[in-house]
Amino acid sequence: LQGGTHIVELKAETREANARFFESVDQVPAKAVTMGIGSILKADTILLVVKGADKAEIVKEALTGPITTECPASLLQTHAKVIVLLDREAGRLLD
């Protein structure tokens, strides 16, 4: 919760998933700048945009599951103003 914006090492799966935007996976950056949940929760308004069926389970866990650091996005449930935009596939497991 104290984490601020910082540099992270990208996992191999993340680099492979983004390889389609580059000529080869070797050109995909190995590091990225990320906002820690502490920085995100300080915002007046949070906009969560999610697209795709492969995100449906984590969307349900984050928005309706228990609030836990094992699912950092679940901490969005504690924020006073979160706007959530989902396509039909990403929201398919929500009631």
# chains A, B, ... in the order shown; residues from 1 in each chain; ligands from 1
>>> residues_around(residues="segment 80-82 of chain A", least_positions_apart="5", cutoff="10 Å", atoms="only C-alpha atoms", output="JSON, numbers by chain")
{"A": [41, 43, 44, 45, 46, 47, 48]}
>>> write_last_selection(atoms="N, CA and C atoms", output="PDB file, in the first residue's frame")
ATOM      1  N   LEU A  41      -4.352   4.905  -5.408  1.00  0.00           N
ATOM      2  CA  LEU A  41      -5.441   5.190  -4.468  1.00  0.00           C
ATOM      3  C   LEU A  41      -5.483   6.644  -4.011  1.00  0.00           C
ATOM      4  N   ALA A  43      -5.531   9.105  -6.083  1.00  0.00           N
ATOM      5  CA  ALA A  43      -6.235   9.852  -7.131  1.00  0.00           C
ATOM      6  C   ALA A  43      -7.643  10.220  -6.670  1.00  0.00           C
ATOM      7  N   ASP A  44      -8.136  11.357  -7.148  1.00  0.00           N
ATOM      8  CA  ASP A  44      -9.516  11.755  -6.852  1.00  0.00           C
ATOM      9  C   ASP A  44     -10.506  10.796  -7.501  1.00  0.00           C
ATOM     10  N   THR A  45     -10.209  10.415  -8.741  1.00  0.00           N
ATOM     11  CA  THR A  45     -11.047   9.501  -9.505  1.00  0.00           C
ATOM     12  C   THR A  45     -10.144   8.486 -10.188  1.00  0.00           C
ATOM     13  N   ILE A  46     -10.584   7.237 -10.195  1.00  0.00           N
ATOM     14  CA  ILE A  46      -9.825   6.170 -10.857  1.00  0.00           C
ATOM     15  C   ILE A  46     -10.679   5.634 -11.993  1.00  0.00           C
ATOM     16  N   LEU A  47     -10.080   5.511 -13.165  1.00  0.00           N
ATOM     17  CA  LEU A  47     -10.749   4.943 -14.327  1.00  0.00           C
ATOM     18  C   LEU A  47     -10.111   3.592 -14.624  1.00  0.00           C
ATOM     19  N   LEU A  48     -10.890   2.535 -14.527  1.00  0.00           N
ATOM     20  CA  LEU A  48     -10.434   1.181 -14.823  1.00  0.00           C
ATOM     21  C   LEU A  48     -11.061   0.761 -16.138  1.00  0.00           C
TER      22      LEU A  48
END
>>> select_by_dssp(residues="segment 60-94 of chain A", states="alpha helix (DSSP H)", output="PyMOL selection string")
chain A and resi 60-64
>>> residues_around(residues="segment 30-38 of chain A", least_positions_apart="6", cutoff="9 Å", atoms="only C-alpha atoms", output="mmCIF file with N, CA and C atoms, in the first residue's frame")
data_model
loop_
_atom_site.group_PDB
_atom_site.id
_atom_site.type_symbol
_atom_site.label_atom_id
_atom_site.label_comp_id
_atom_site.auth_asym_id
_atom_site.auth_seq_id
_atom_site.Cartn_x
_atom_site.Cartn_y
_atom_site.Cartn_z
ATOM 1 N N LEU A 1 0.816 -1.212 0.000
ATOM 2 C CA LEU A 1 0.000 0.000 0.000
ATOM 3 C C LEU A 1 0.847 1.259 0.000
ATOM 4 N N GLN A 2 2.065 1.130 0.466
ATOM 5 C CA GLN A 2 2.961 2.278 0.514
ATOM 6 C C GLN A 2 3.661 2.513 -0.824
ATOM 7 N N GLY A 3 3.613 1.513 -1.692
ATOM 8 C CA GLY A 3 4.360 1.581 -2.947
ATOM 9 C C GLY A 3 3.968 2.754 -3.812
ATOM 10 N N GLY A 4 4.962 3.469 -4.259
ATOM 11 C CA GLY A 4 4.732 4.570 -5.182
ATOM 12 C C GLY A 4 5.076 4.143 -6.590
ATOM 13 N N THR A 5 5.191 5.096 -7.461
ATOM 14 C CA THR A 5 5.566 4.817 -8.836
ATOM 15 C C THR A 5 7.019 4.358 -8.856
ATOM 16 N N HIS A 6 7.277 3.273 -9.596
ATOM 17 C CA HIS A 6 8.630 2.699 -9.602
ATOM 18 C C HIS A 6 8.867 1.880 -10.874
ATOM 19 N N ILE A 7 10.103 1.452 -11.062
ATOM 20 C CA ILE A 7 10.481 0.640 -12.212
ATOM 21 C C ILE A 7 10.407 -0.828 -11.824
ATOM 22 N N VAL A 8 9.837 -1.645 -12.724
ATOM 23 C CA VAL A 8 9.737 -3.085 -12.489
ATOM 24 C C VAL A 8 10.365 -3.846 -13.651
ATOM 25 N N GLU A 9 10.815 -5.040 -13.353
ATOM 26 C CA GLU A 9 11.303 -5.979 -14.364
ATOM 27 C C GLU A 9 10.080 -6.711 -14.921
ATOM 28 N N LEU A 10 9.913 -6.721 -16.232
ATOM 29 C CA LEU A 10 8.765 -7.381 -16.834
ATOM 30 C C LEU A 10 8.973 -8.886 -16.889
ATOM 31 N N LYS A 11 7.905 -9.629 -16.604
ATOM 32 C CA LYS A 11 7.955 -11.083 -16.685
ATOM 33 C C LYS A 11 8.039 -11.505 -18.152
ATOM 34 N N ALA A 12 8.567 -12.696 -18.377
ATOM 35 C CA ALA A 12 8.694 -13.221 -19.736
ATOM 36 C C ALA A 12 7.345 -13.269 -20.438
ATOM 37 N N ARG A 15 6.388 -9.832 -21.696
ATOM 38 C CA ARG A 15 7.184 -9.469 -22.873
ATOM 39 C C ARG A 15 6.696 -10.228 -24.102
ATOM 40 N N PRO A 72 -4.076 -6.973 -5.878
ATOM 41 C CA PRO A 72 -3.988 -5.532 -5.599
ATOM 42 C C PRO A 72 -5.158 -4.716 -6.160
ATOM 43 N N ALA A 73 -5.695 -5.126 -7.300
ATOM 44 C CA ALA A 73 -6.821 -4.379 -7.879
ATOM 45 C C ALA A 73 -8.059 -4.433 -6.993
ATOM 46 N N LEU A 75 -8.170 -3.636 -4.047
ATOM 47 C CA LEU A 75 -8.110 -2.443 -3.196
ATOM 48 C C LEU A 75 -8.880 -1.274 -3.804
ATOM 49 N N LEU A 76 -9.190 -1.369 -5.095
ATOM 50 C CA LEU A 76 -10.034 -0.339 -5.716
ATOM 51 C C LEU A 76 -11.405 -0.295 -5.062
#
>>> closest_residue(among="A:Leu93, A:Val25, A:Glu16, A:Leu85", to="Glu61 of chain A", atoms="only C-alpha atoms")
A:Leu93
>>> residues_around(residues="Glu89 of chain A", least_positions_apart="4", cutoff="7 Å", atoms="only C-alpha atoms", output="PDB file with all heavy atoms, in the first residue's frame")
ATOM      1  N   GLY A  52     -11.562  -7.769 -23.032  1.00  0.00           N
ATOM      2  CA  GLY A  52     -11.211  -9.129 -23.391  1.00  0.00           C
ATOM      3  C   GLY A  52     -11.667 -10.195 -22.422  1.00  0.00           C
ATOM      4  O   GLY A  52     -11.662 -10.010 -21.203  1.00  0.00           O
ATOM      5  N   ALA A  53     -12.053 -11.340 -22.995  1.00  0.00           N
ATOM      6  CA  ALA A  53     -12.540 -12.471 -22.206  1.00  0.00           C
ATOM      7  C   ALA A  53     -11.488 -13.006 -21.261  1.00  0.00           C
ATOM      8  O   ALA A  53     -11.808 -13.504 -20.185  1.00  0.00           O
ATOM      9  CB  ALA A  53     -13.018 -13.581 -23.145  1.00  0.00           C
ATOM     10  N   ALA A  56     -11.798 -11.672 -17.677  1.00  0.00           N
ATOM     11  CA  ALA A  56     -13.059 -11.806 -16.944  1.00  0.00           C
ATOM     12  C   ALA A  56     -12.867 -12.297 -15.511  1.00  0.00           C
ATOM     13  O   ALA A  56     -13.490 -11.772 -14.583  1.00  0.00           O
ATOM     14  CB  ALA A  56     -14.016 -12.729 -17.695  1.00  0.00           C
TER      15      ALA A  56
END
>>> select_by_dssp(residues="segment 16-75 of chain A", states="strand (DSSP E)", output="NGL selection string")
:A and (31-34 or 46-50)
